[in-house]
There are 2 protein chains.
Amino acid sequence: MKISELSDRSGLPVQTIKYYIREGLLPKGTATAATRAEYDGRHLDRLRLIKALREVGDLPIASVQQIVAAVDDEDIPLHELLGTAQYALGPGAEPHPEDPDWRAAREDVDAVVAELGWRVLPNAPTRDLLAQAFVALRRLGLPIVLNDLRPYIEAAELIADHEVGALSLDEDRETAVQTAVATNVLYERVLLALRRMAQENASALRFDDEG
Amino acid sequence: MKISELSDRSGLPVQTIKYYIREGLLPKGTATAATRAEYDGRHLDRLRLIKALREVGDLPIASVQQIVAAVDDEDIPLHELLGTAQYALGPGAEPHPEDPDWRAAREDVDAVVAELGWRVLPNAPTRDLLAQAFVALRRLGLPIVLNDLRPYIEAAELIADHEVGALSLDEDRETAVQTAVATNVLYERVLLALRRMAQENASALRFDDEG
DNA sequence: CAAAATTGGATAGCGATAGTATCCAGCCAA
DNA sequence: TTGGCTGGATACTATCGCTATCCAATTTTG
């Protein structure tokens, strides 16, 4: 397969594909001559994955880079990779350990996780992500009580159990990983869209009828 | 309050505050002299809202602009504004009505919404958002069945009912709106963080124990 | 076979986004 | 009264994610 065909089949401009190769998102084709290289179906799959992560998942190139690097690293066992890939999924929150507000929020997060008995690594970036939201809520005068969190926790468990249960590890590694990453990112979007729709619906029910 | 005090209290550089004023995110202070203006608590509140939307919600300036414009427009009734503000919340998906894949996905979305009996406007951008995810999943060879969607729908309803029920319309308009917008955006982050944690937990339970 | 088109690889440029930095008067507080 | 803030305007910068151009080598086509 030539690069132009890859372009046609993926729907991405040739220049963009070259750019992805430069950035290490896509491996080079196998060179057959000084100005000729051959691409195969795996290049196309990879390209489709990148496209989905970029256009739907809205991930920056750097995150896609980390993900494909993890996918390509055969040493990482598959289930660990599911975590690794997840850590690469933005948006990332920088921790501010010197800020007392931030530290307090971070302690709240750790307390919640402990309370739930969840097995989440102590240094997992998701803890910072949640802490960041807590800080912002507090600063806006909207402190969080565990009770407000209940429905979100319940929802999260519901979804995660379903998702992890649905993972199939029988296929070959590359396919399994790409599928896992893609579903993770894409169903995040699905969830957000459904939440907004459900909000609109609930709002309509509450205000159009009784208001 | 002088701009430097606004800067200190909000944690944003003076130059950034000036930029936000230029961009219409923040109203000017009331001028007391050619080179003097006075800011008040509402400026500070607005600034804190902007900061939360930008840093945690990761919204582009343009979206924040739309939101504050809607907040400032007294003509928009409050519950309608909740929808309007939501529509401004990125990331937005451009519809591609000429693409048959996209149209099919969009029809699937409309069918799901109808099936659920949700009151979602026919032109709501959330429909496109969901359609976009459907297209991407299909393209990756991961078609969606209503069954896969179940847990997400259930989770979305759970959360939305809680959120819309918790809305208080008793306060003054500005406060109510800012609160509604902020909680919407910030709890989205909370949800995403919790989902990832729950995934890690479920993954640990499945693979560390039985794998 | 010759001309036209395509390719890989390298380098340069571009448009959008989100700020920073500078400058300049005018002002106010010590 | 003088030194440090202002407001307002303008200019500059950095990052991101591509695009465009160029070149020499190679196909493809007529």
# chains A, B, ... in the order shown; residues from 1 in each chain; ligands from 1
>>> interface_residues(of="chain C", to="chain B", cutoff="8 Å", atoms="only C-alpha atoms (C1' of nucleotides)", output="PyMOL selection string")
chain C and resi 19-20+26-27
>>> select_by_dssp(residues="segment 33-207 of chain B", states="helix (DSSP H, G or I)", output="MDAnalysis selection string")
chainID B and resid 41:55 61:72 78:88 100:116 125:139 146:166 173:207
>>> calpha_fit_and_write(fixed="chain B", moving="chain A", output="compact mmCIF listing (two decimals) with C-alpha atoms, in the first residue's frame")
# COMPACT_ATOMS: atom_id res chain seq x y z
CA MET A 1 -10.95 47.30 44.61
CA LYS A 2 -8.05 47.95 42.26
CA ILE A 3 -6.97 45.60 39.55
CA SER A 4 -3.89 44.57 41.47
CA GLU A 5 -6.07 43.54 44.39
CA LEU A 6 -8.32 41.64 42.04
CA SER A 7 -5.21 39.92 40.78
CA ASP A 8 -4.02 39.02 44.26
CA ARG A 9 -7.38 37.71 45.36
CA SER A 10 -8.10 35.70 42.24
CA GLY A 11 -4.62 34.38 41.75
CA LEU A 12 -4.54 35.57 38.15
CA PRO A 13 -1.92 37.95 36.70
CA VAL A 14 -3.04 41.49 36.04
CA GLN A 15 -2.28 41.04 32.36
CA THR A 16 -4.55 38.05 32.18
CA ILE A 17 -7.38 39.98 33.79
CA LYS A 18 -6.93 42.76 31.28
CA TYR A 19 -7.04 40.14 28.56
CA TYR A 20 -10.29 38.73 29.90
CA ILE A 21 -11.78 42.20 29.91
CA ARG A 22 -10.68 42.73 26.33
CA GLU A 23 -12.29 39.44 25.36
CA GLY A 24 -15.52 40.33 27.08
CA LEU A 25 -15.30 37.63 29.73
CA LEU A 26 -15.23 40.18 32.50
CA PRO A 27 -16.92 43.60 32.53
CA LYS A 28 -14.75 46.68 32.90
CA GLY A 29 -14.45 48.27 36.26
CA THR A 30 -16.26 51.54 36.78
CA ALA A 31 -13.87 54.28 35.72
CA THR A 32 -13.10 56.86 38.40
CA ALA A 33 -10.47 58.69 36.38
CA ALA A 34 -8.65 58.39 33.09
CA THR A 35 -6.29 55.81 34.48
CA ARG A 36 -8.30 54.45 37.34
CA ALA A 37 -11.18 52.03 37.70
CA GLU A 38 -12.94 50.36 40.57
CA TYR A 39 -13.78 46.65 40.75
CA ASP A 40 -16.11 44.89 43.15
CA GLY A 41 -16.96 41.48 44.50
CA ARG A 42 -18.90 40.52 41.41
CA HIS A 43 -15.79 40.93 39.35
CA LEU A 44 -14.00 38.63 41.72
CA ASP A 45 -16.76 36.02 41.58
CA ARG A 46 -16.78 36.13 37.83
CA LEU A 47 -13.04 35.73 37.75
CA ARG A 48 -13.19 32.73 40.01
CA LEU A 49 -15.82 31.18 37.78
CA ILE A 50 -13.69 31.79 34.70
CA LYS A 51 -10.70 30.29 36.43
CA ALA A 52 -12.60 27.14 37.36
CA LEU A 53 -14.06 26.75 33.88
CA ARG A 54 -10.65 27.22 32.29
CA GLU A 55 -8.40 25.27 34.61
CA VAL A 56 -10.65 22.44 35.65
CA GLY A 57 -13.28 22.40 32.95
CA ASP A 58 -10.67 23.03 30.28
CA LEU A 59 -13.11 25.16 28.32
CA PRO A 60 -11.74 27.40 25.57
CA ILE A 61 -12.08 31.15 26.02
CA ALA A 62 -14.74 31.25 23.31
CA SER A 63 -16.98 28.89 25.27
CA VAL A 64 -16.54 30.84 28.47
CA GLN A 65 -17.48 33.90 26.47
CA GLN A 66 -20.76 32.36 25.35
CA ILE A 67 -21.55 31.25 28.86
CA VAL A 68 -21.00 34.61 30.47
CA ALA A 69 -22.91 36.30 27.66
CA ALA A 70 -25.88 34.06 28.44
CA VAL A 71 -25.47 34.69 32.15
CA ASP A 72 -25.49 38.43 31.56
CA ASP A 73 -28.50 38.38 29.26
CA GLU A 74 -31.36 39.09 31.62
CA ASP A 75 -33.93 38.18 28.98
CA ILE A 76 -33.09 34.52 29.04
CA PRO A 77 -35.21 32.73 31.62
CA LEU A 78 -33.16 30.80 34.09
CA HIS A 79 -34.11 27.27 33.22
CA GLU A 80 -33.66 27.90 29.53
CA LEU A 81 -30.29 29.30 30.30
CA LEU A 82 -29.28 26.06 31.88
CA GLY A 83 -29.72 24.52 28.48
CA THR A 84 -28.03 27.37 26.64
CA ALA A 85 -25.02 27.25 28.88
CA GLN A 86 -24.83 23.55 28.38
CA TYR A 87 -24.79 23.96 24.62
CA ALA A 88 -21.79 26.19 24.97
CA LEU A 89 -19.88 23.52 26.80
CA GLY A 90 -17.36 21.93 24.50
CA PRO A 91 -16.14 19.94 22.94
CA GLY A 92 -18.45 20.42 20.04
CA ALA A 93 -18.77 17.97 17.19
CA GLU A 94 -19.31 19.29 13.71
CA PRO A 95 -22.08 17.41 11.98
CA HIS A 96 -21.27 16.02 8.52
CA PRO A 97 -24.73 15.62 7.01
CA GLU A 98 -23.33 14.62 3.62
CA ASP A 99 -21.44 11.64 5.04
CA PRO A 100 -23.68 8.54 4.97
CA ASP A 101 -21.91 6.99 7.98
CA TRP A 102 -22.60 10.09 9.94
CA ARG A 103 -26.22 10.26 8.92
CA ALA A 104 -26.72 6.63 9.86
CA ALA A 105 -25.15 7.25 13.27
CA ARG A 106 -27.30 10.30 13.72
CA GLU A 107 -30.40 8.23 12.98
CA ASP A 108 -29.28 5.69 15.55
CA VAL A 109 -28.97 8.46 18.08
CA ASP A 110 -32.40 9.81 17.30
CA ALA A 111 -33.81 6.31 17.59
CA VAL A 112 -32.23 5.80 21.00
CA VAL A 113 -33.53 9.13 22.27
CA ALA A 114 -37.00 8.36 20.97
CA GLU A 115 -36.90 4.89 22.46
CA LEU A 116 -36.01 6.32 25.83
CA GLY A 117 -38.67 8.96 25.49
CA TRP A 118 -36.21 11.64 26.45
CA ARG A 119 -37.17 15.22 25.89
CA VAL A 120 -34.16 16.45 23.98
CA LEU A 121 -34.54 19.12 21.33
CA PRO A 122 -34.17 17.76 17.79
CA ASN A 123 -31.34 20.15 17.06
CA ALA A 124 -29.52 19.70 20.36
CA PRO A 125 -25.75 19.57 19.81
CA THR A 126 -25.52 16.65 22.21
CA ARG A 127 -27.12 14.51 19.54
CA ASP A 128 -24.24 15.29 17.22
CA LEU A 129 -21.78 14.66 20.00
CA LEU A 130 -23.14 11.19 20.51
CA ALA A 131 -23.39 10.57 16.77
CA GLN A 132 -19.74 11.45 16.40
CA ALA A 133 -18.76 8.83 18.94
CA PHE A 134 -20.97 6.29 17.21
CA VAL A 135 -19.31 6.94 13.86
CA ALA A 136 -15.86 6.54 15.35
CA LEU A 137 -16.82 3.30 17.08
CA ARG A 138 -18.29 1.92 13.88
CA ARG A 139 -15.21 2.88 11.89
CA LEU A 140 -13.04 1.01 14.36
CA GLY A 141 -15.15 -2.08 13.94
CA LEU A 142 -16.83 -1.65 17.32
CA PRO A 143 -20.51 -1.20 16.52
CA ILE A 144 -22.83 -0.21 19.31
CA VAL A 145 -25.83 -2.17 20.39
CA LEU A 146 -28.42 -0.73 22.69
CA ASN A 147 -27.30 -3.27 25.22
CA ASP A 148 -23.79 -1.81 25.47
CA LEU A 149 -25.40 1.53 26.03
CA ARG A 150 -27.60 0.41 28.93
CA PRO A 151 -25.19 1.04 31.78
CA TYR A 152 -24.28 4.42 30.40
CA ILE A 153 -27.89 5.42 30.02
CA GLU A 154 -28.66 4.21 33.49
CA ALA A 155 -25.70 6.10 34.89
CA ALA A 156 -26.61 9.24 33.00
CA GLU A 157 -30.17 9.19 34.28
CA LEU A 158 -29.02 8.56 37.81
CA ILE A 159 -26.72 11.54 37.75
CA ALA A 160 -28.94 13.92 35.84
CA ASP A 161 -31.91 13.33 38.11
CA HIS A 162 -29.75 14.07 41.10
CA GLU A 163 -28.26 17.17 39.54
CA VAL A 164 -31.44 18.72 38.24
CA GLY A 165 -33.15 17.92 41.51
CA ALA A 166 -30.42 19.70 43.42
CA LEU A 167 -30.75 22.93 41.45
CA SER A 168 -31.90 25.77 43.61
CA LEU A 169 -33.64 28.63 41.92
CA ASP A 170 -34.31 30.61 45.03
CA GLU A 171 -31.17 32.66 45.10
CA ASP A 172 -30.60 35.66 42.91
CA ARG A 173 -30.24 34.96 39.27
CA GLU A 174 -26.52 35.60 38.89
CA THR A 175 -25.57 33.37 41.78
CA ALA A 176 -27.96 30.62 40.72
CA VAL A 177 -26.68 30.60 37.17
CA GLN A 178 -23.04 30.67 38.10
CA THR A 179 -23.60 27.86 40.53
CA ALA A 180 -25.47 25.80 37.97
CA VAL A 181 -22.84 26.24 35.30
CA ALA A 182 -19.96 25.62 37.65
CA THR A 183 -21.41 22.49 39.16
CA ASN A 184 -22.26 21.16 35.74
CA VAL A 185 -18.72 21.56 34.45
CA LEU A 186 -16.93 20.62 37.63
CA TYR A 187 -19.00 17.53 38.38
CA GLU A 188 -18.35 16.38 34.86
CA ARG A 189 -14.70 16.24 35.86
CA VAL A 190 -15.63 14.52 39.08
CA LEU A 191 -17.51 11.90 37.14
CA LEU A 192 -14.65 11.28 34.73
CA ALA A 193 -12.14 10.95 37.54
CA LEU A 194 -14.36 8.57 39.47
CA ARG A 195 -14.96 6.48 36.36
CA ARG A 196 -11.24 6.06 35.86
CA MET A 197 -10.71 5.15 39.48
CA ALA A 198 -13.54 2.66 39.35
CA GLN A 199 -11.97 1.18 36.24
CA GLU A 200 -8.64 0.81 37.94
CA ASN A 201 -10.34 -0.82 40.88
CA ALA A 202 -12.39 -3.18 38.76
CA SER A 203 -9.33 -4.03 36.72
CA ALA A 204 -7.31 -4.78 39.83
CA LEU A 205 -10.04 -6.99 41.18
CA ARG A 206 -10.30 -8.90 37.95
CA PHE A 207 -6.65 -9.30 37.00
CA ASP A 208 -4.66 -9.25 40.21
CA ASP A 209 -6.85 -11.83 41.85
CA GLU A 210 -7.89 -14.22 39.17
CA GLY A 211 -5.19 -13.51 36.58
>>> residues_around(residues="DC24 of chain C", least_positions_apart="6", cutoff="12 Å", atoms="only C-alpha atoms (C1' of nucleotides)", output="JSON, numbers by chain")
{"B": [35], "D": [6, 7, 8, 9, 10]}
>>> atom_distance(atom1="atom C1' of DA25 of chain D", atom2="atom C1' of DG13 of chain C")
25.1 Å
>>> decode(residues="segment 60-209 of chain A", atoms="C-alpha atoms", output="PDB file, in the first residue's frame")
ATOM      1  CA  PRO A  60      -3.364  15.962  22.203  1.00  0.00           C
ATOM      2  CA  ILE A  61      -0.708  14.422  19.984  1.00  0.00           C
ATOM      3  CA  ALA A  62       1.555  13.950  22.993  1.00  0.00           C
ATOM      4  CA  SER A  63      -1.009  11.728  24.718  1.00  0.00           C
ATOM      5  CA  VAL A  64      -1.563   9.666  21.609  1.00  0.00           C
ATOM      6  CA  GLN A  65       2.186   9.281  21.460  1.00  0.00           C
ATOM      7  CA  GLN A  66       2.348   7.852  24.964  1.00  0.00           C
ATOM      8  CA  ILE A  67      -0.502   5.501  24.239  1.00  0.00           C
ATOM      9  CA  VAL A  68       0.972   4.060  21.087  1.00  0.00           C
ATOM     10  CA  ALA A  69       4.366   3.785  22.762  1.00  0.00           C
ATOM     11  CA  ALA A  70       2.766   1.678  25.482  1.00  0.00           C
ATOM     12  CA  VAL A  71       0.886  -0.355  22.897  1.00  0.00           C
ATOM     13  CA  ASP A  72       4.110  -1.045  21.032  1.00  0.00           C
ATOM     14  CA  ASP A  73       6.078  -1.986  24.131  1.00  0.00           C
ATOM     15  CA  GLU A  74       5.739  -5.747  24.228  1.00  0.00           C
ATOM     16  CA  ASP A  75       7.175  -5.917  27.736  1.00  0.00           C
ATOM     17  CA  ILE A  76       4.177  -4.307  29.334  1.00  0.00           C
ATOM     18  CA  PRO A  77       1.642  -6.953  30.313  1.00  0.00           C
ATOM     19  CA  LEU A  78      -1.753  -6.304  28.873  1.00  0.00           C
ATOM     20  CA  HIS A  79      -3.729  -5.562  31.979  1.00  0.00           C
ATOM     21  CA  GLU A  80      -1.069  -3.231  33.286  1.00  0.00           C
ATOM     22  CA  LEU A  81      -1.144  -1.487  29.990  1.00  0.00           C
ATOM     23  CA  LEU A  82      -4.788  -0.758  30.426  1.00  0.00           C
ATOM     24  CA  GLY A  83      -3.791   1.318  33.405  1.00  0.00           C
ATOM     25  CA  THR A  84      -0.819   2.904  31.669  1.00  0.00           C
ATOM     26  CA  ALA A  85      -2.879   3.921  28.700  1.00  0.00           C
ATOM     27  CA  GLN A  86      -5.441   5.370  31.013  1.00  0.00           C
ATOM     28  CA  TYR A  87      -2.825   7.489  32.742  1.00  0.00           C
ATOM     29  CA  ALA A  88      -1.928   8.976  29.408  1.00  0.00           C
ATOM     30  CA  LEU A  89      -5.477  10.088  28.826  1.00  0.00           C
ATOM     31  CA  GLY A  90      -5.772  13.784  29.426  1.00  0.00           C
ATOM     32  CA  PRO A  91      -6.585  16.179  30.667  1.00  0.00           C
ATOM     33  CA  GLY A  92      -3.977  15.980  33.336  1.00  0.00           C
ATOM     34  CA  ALA A  93      -4.030  18.071  36.481  1.00  0.00           C
ATOM     35  CA  GLU A  94      -0.781  19.338  37.877  1.00  0.00           C
ATOM     36  CA  PRO A  95      -0.608  18.749  41.604  1.00  0.00           C
ATOM     37  CA  HIS A  96       0.293  21.767  43.749  1.00  0.00           C
ATOM     38  CA  PRO A  97       1.596  20.119  46.908  1.00  0.00           C
ATOM     39  CA  GLU A  98       2.633  23.444  48.426  1.00  0.00           C
ATOM     40  CA  ASP A  99      -0.885  24.863  48.255  1.00  0.00           C
ATOM     41  CA  PRO A 100      -2.774  24.042  51.482  1.00  0.00           C
ATOM     42  CA  ASP A 101      -6.149  24.050  49.706  1.00  0.00           C
ATOM     43  CA  TRP A 102      -4.847  21.542  47.280  1.00  0.00           C
ATOM     44  CA  ARG A 103      -3.379  19.323  49.947  1.00  0.00           C
ATOM     45  CA  ALA A 104      -6.627  19.376  51.879  1.00  0.00           C
ATOM     46  CA  ALA A 105      -8.554  18.411  48.747  1.00  0.00           C
ATOM     47  CA  ARG A 106      -6.073  15.676  48.045  1.00  0.00           C
ATOM     48  CA  GLU A 107      -6.593  14.309  51.548  1.00  0.00           C
ATOM     49  CA  ASP A 108     -10.329  14.352  50.989  1.00  0.00           C
ATOM     50  CA  VAL A 109      -9.829  12.349  47.839  1.00  0.00           C
ATOM     51  CA  ASP A 110      -7.641   9.824  49.570  1.00  0.00           C
ATOM     52  CA  ALA A 111     -10.215   9.525  52.333  1.00  0.00           C
ATOM     53  CA  VAL A 112     -13.005   8.875  49.851  1.00  0.00           C
ATOM     54  CA  VAL A 113     -10.983   6.232  48.034  1.00  0.00           C
ATOM     55  CA  ALA A 114     -10.087   4.556  51.299  1.00  0.00           C
ATOM     56  CA  GLU A 115     -13.670   4.704  52.481  1.00  0.00           C
ATOM     57  CA  LEU A 116     -14.823   3.022  49.311  1.00  0.00           C
ATOM     58  CA  GLY A 117     -12.075   0.467  49.587  1.00  0.00           C
ATOM     59  CA  TRP A 118     -11.104   1.057  45.991  1.00  0.00           C
ATOM     60  CA  ARG A 119      -7.832  -0.328  44.785  1.00  0.00           C
ATOM     61  CA  VAL A 120      -6.317   2.754  43.234  1.00  0.00           C
ATOM     62  CA  LEU A 121      -2.572   3.287  43.302  1.00  0.00           C
ATOM     63  CA  PRO A 122      -1.510   6.016  45.748  1.00  0.00           C
ATOM     64  CA  ASN A 123       0.201   7.952  42.998  1.00  0.00           C
ATOM     65  CA  ALA A 124      -2.528   7.537  40.391  1.00  0.00           C
ATOM     66  CA  PRO A 125      -3.038  10.772  38.444  1.00  0.00           C
ATOM     67  CA  THR A 126      -6.785  10.338  38.737  1.00  0.00           C
ATOM     68  CA  ARG A 127      -6.471  11.260  42.388  1.00  0.00           C
ATOM     69  CA  ASP A 128      -5.017  14.608  41.387  1.00  0.00           C
ATOM     70  CA  LEU A 129      -7.694  15.029  38.775  1.00  0.00           C
ATOM     71  CA  LEU A 130     -10.394  14.636  41.372  1.00  0.00           C
ATOM     72  CA  ALA A 131      -8.523  16.804  43.868  1.00  0.00           C
ATOM     73  CA  GLN A 132      -8.340  19.570  41.302  1.00  0.00           C
ATOM     74  CA  ALA A 133     -12.097  19.537  40.890  1.00  0.00           C
ATOM     75  CA  PHE A 134     -12.533  19.558  44.653  1.00  0.00           C
ATOM     76  CA  VAL A 135     -10.316  22.611  45.025  1.00  0.00           C
ATOM     77  CA  ALA A 136     -12.216  24.483  42.352  1.00  0.00           C
ATOM     78  CA  LEU A 137     -15.567  23.623  43.916  1.00  0.00           C
ATOM     79  CA  ARG A 138     -14.365  24.740  47.323  1.00  0.00           C
ATOM     80  CA  ARG A 139     -13.024  28.000  45.922  1.00  0.00           C
ATOM     81  CA  LEU A 140     -16.391  28.719  44.373  1.00  0.00           C
ATOM     82  CA  GLY A 141     -18.077  28.195  47.697  1.00  0.00           C
ATOM     83  CA  LEU A 142     -19.490  24.820  46.693  1.00  0.00           C
ATOM     84  CA  PRO A 143     -17.926  22.355  49.109  1.00  0.00           C
ATOM     85  CA  ILE A 144     -18.428  18.684  48.483  1.00  0.00           C
ATOM     86  CA  VAL A 145     -19.989  16.292  50.899  1.00  0.00           C
ATOM     87  CA  LEU A 146     -19.787  12.577  50.426  1.00  0.00           C
ATOM     88  CA  ASN A 147     -23.503  12.636  49.886  1.00  0.00           C
ATOM     89  CA  ASP A 148     -23.235  14.773  46.745  1.00  0.00           C
ATOM     90  CA  LEU A 149     -20.714  12.307  45.484  1.00  0.00           C
ATOM     91  CA  ARG A 150     -22.913   9.240  45.958  1.00  0.00           C
ATOM     92  CA  PRO A 151     -24.656   9.236  42.604  1.00  0.00           C
ATOM     93  CA  TYR A 152     -21.402   9.822  40.788  1.00  0.00           C
ATOM     94  CA  ILE A 153     -19.693   7.008  42.623  1.00  0.00           C
ATOM     95  CA  GLU A 154     -22.594   4.719  41.972  1.00  0.00           C
ATOM     96  CA  ALA A 155     -22.593   5.648  38.303  1.00  0.00           C
ATOM     97  CA  ALA A 156     -18.860   5.202  38.026  1.00  0.00           C
ATOM     98  CA  GLU A 157     -18.975   1.748  39.563  1.00  0.00           C
ATOM     99  CA  LEU A 158     -21.848   0.738  37.359  1.00  0.00           C
ATOM    100  CA  ILE A 159     -19.989   1.713  34.238  1.00  0.00           C
ATOM    101  CA  ALA A 160     -16.565   0.489  35.219  1.00  0.00           C
ATOM    102  CA  ASP A 161     -17.818  -2.946  36.184  1.00  0.00           C
ATOM    103  CA  HIS A 162     -19.516  -3.247  32.849  1.00  0.00           C
ATOM    104  CA  GLU A 163     -16.482  -2.044  30.949  1.00  0.00           C
ATOM    105  CA  VAL A 164     -13.876  -4.136  32.682  1.00  0.00           C
ATOM    106  CA  GLY A 165     -16.149  -7.134  32.462  1.00  0.00           C
ATOM    107  CA  ALA A 166     -16.505  -6.649  28.739  1.00  0.00           C
ATOM    108  CA  LEU A 167     -12.762  -6.635  28.094  1.00  0.00           C
ATOM    109  CA  SER A 168     -11.688  -9.547  26.001  1.00  0.00           C
ATOM    110  CA  LEU A 169      -8.124 -10.664  26.289  1.00  0.00           C
ATOM    111  CA  ASP A 170      -8.380 -13.540  23.897  1.00  0.00           C
ATOM    112  CA  GLU A 171      -7.484 -11.733  20.731  1.00  0.00           C
ATOM    113  CA  ASP A 172      -3.960 -10.844  19.787  1.00  0.00           C
ATOM    114  CA  ARG A 173      -2.326  -8.241  21.903  1.00  0.00           C
ATOM    115  CA  GLU A 174      -2.346  -5.349  19.442  1.00  0.00           C
ATOM    116  CA  THR A 175      -6.013  -5.713  18.639  1.00  0.00           C
ATOM    117  CA  ALA A 176      -6.990  -6.164  22.267  1.00  0.00           C
ATOM    118  CA  VAL A 177      -5.082  -3.110  23.378  1.00  0.00           C
ATOM    119  CA  GLN A 178      -6.317  -0.895  20.606  1.00  0.00           C
ATOM    120  CA  THR A 179      -9.848  -1.980  21.308  1.00  0.00           C
ATOM    121  CA  ALA A 180      -9.483  -1.346  25.015  1.00  0.00           C
ATOM    122  CA  VAL A 181      -8.025   2.108  24.548  1.00  0.00           C
ATOM    123  CA  ALA A 182     -10.506   3.101  21.902  1.00  0.00           C
ATOM    124  CA  THR A 183     -13.547   1.964  23.825  1.00  0.00           C
ATOM    125  CA  ASN A 184     -12.292   3.672  26.933  1.00  0.00           C
ATOM    126  CA  VAL A 185     -11.896   7.023  25.213  1.00  0.00           C
ATOM    127  CA  LEU A 186     -14.919   6.790  22.978  1.00  0.00           C
ATOM    128  CA  TYR A 187     -17.329   5.613  25.655  1.00  0.00           C
ATOM    129  CA  GLU A 188     -16.178   8.483  27.796  1.00  0.00           C
ATOM    130  CA  ARG A 189     -17.618  10.720  25.101  1.00  0.00           C
ATOM    131  CA  VAL A 190     -20.729   8.593  24.971  1.00  0.00           C
ATOM    132  CA  LEU A 191     -21.174   9.008  28.689  1.00  0.00           C
ATOM    133  CA  LEU A 192     -20.733  12.772  28.572  1.00  0.00           C
ATOM    134  CA  ALA A 193     -23.206  13.131  25.729  1.00  0.00           C
ATOM    135  CA  LEU A 194     -25.764  10.951  27.469  1.00  0.00           C
ATOM    136  CA  ARG A 195     -25.336  12.887  30.704  1.00  0.00           C
ATOM    137  CA  ARG A 196     -26.090  16.137  28.931  1.00  0.00           C
ATOM    138  CA  MET A 197     -29.110  14.667  27.224  1.00  0.00           C
ATOM    139  CA  ALA A 198     -30.373  13.260  30.480  1.00  0.00           C
ATOM    140  CA  GLN A 199     -29.903  16.677  32.026  1.00  0.00           C
ATOM    141  CA  GLU A 200     -31.894  18.333  29.302  1.00  0.00           C
ATOM    142  CA  ASN A 201     -34.602  15.756  29.736  1.00  0.00           C
ATOM    143  CA  ALA A 202     -34.705  16.071  33.504  1.00  0.00           C
ATOM    144  CA  SER A 203     -34.709  19.835  33.200  1.00  0.00           C
ATOM    145  CA  ALA A 204     -37.588  19.761  30.742  1.00  0.00           C
ATOM    146  CA  LEU A 205     -39.559  17.488  33.005  1.00  0.00           C
ATOM    147  CA  ARG A 206     -38.986  19.702  35.989  1.00  0.00           C
ATOM    148  CA  PHE A 207     -39.438  23.152  34.488  1.00  0.00           C
ATOM    149  CA  ASP A 208     -41.763  22.775  31.530  1.00  0.00           C
ATOM    150  CA  ASP A 209     -44.306  20.851  33.515  1.00  0.00           C
TER     151      ASP A 209
END
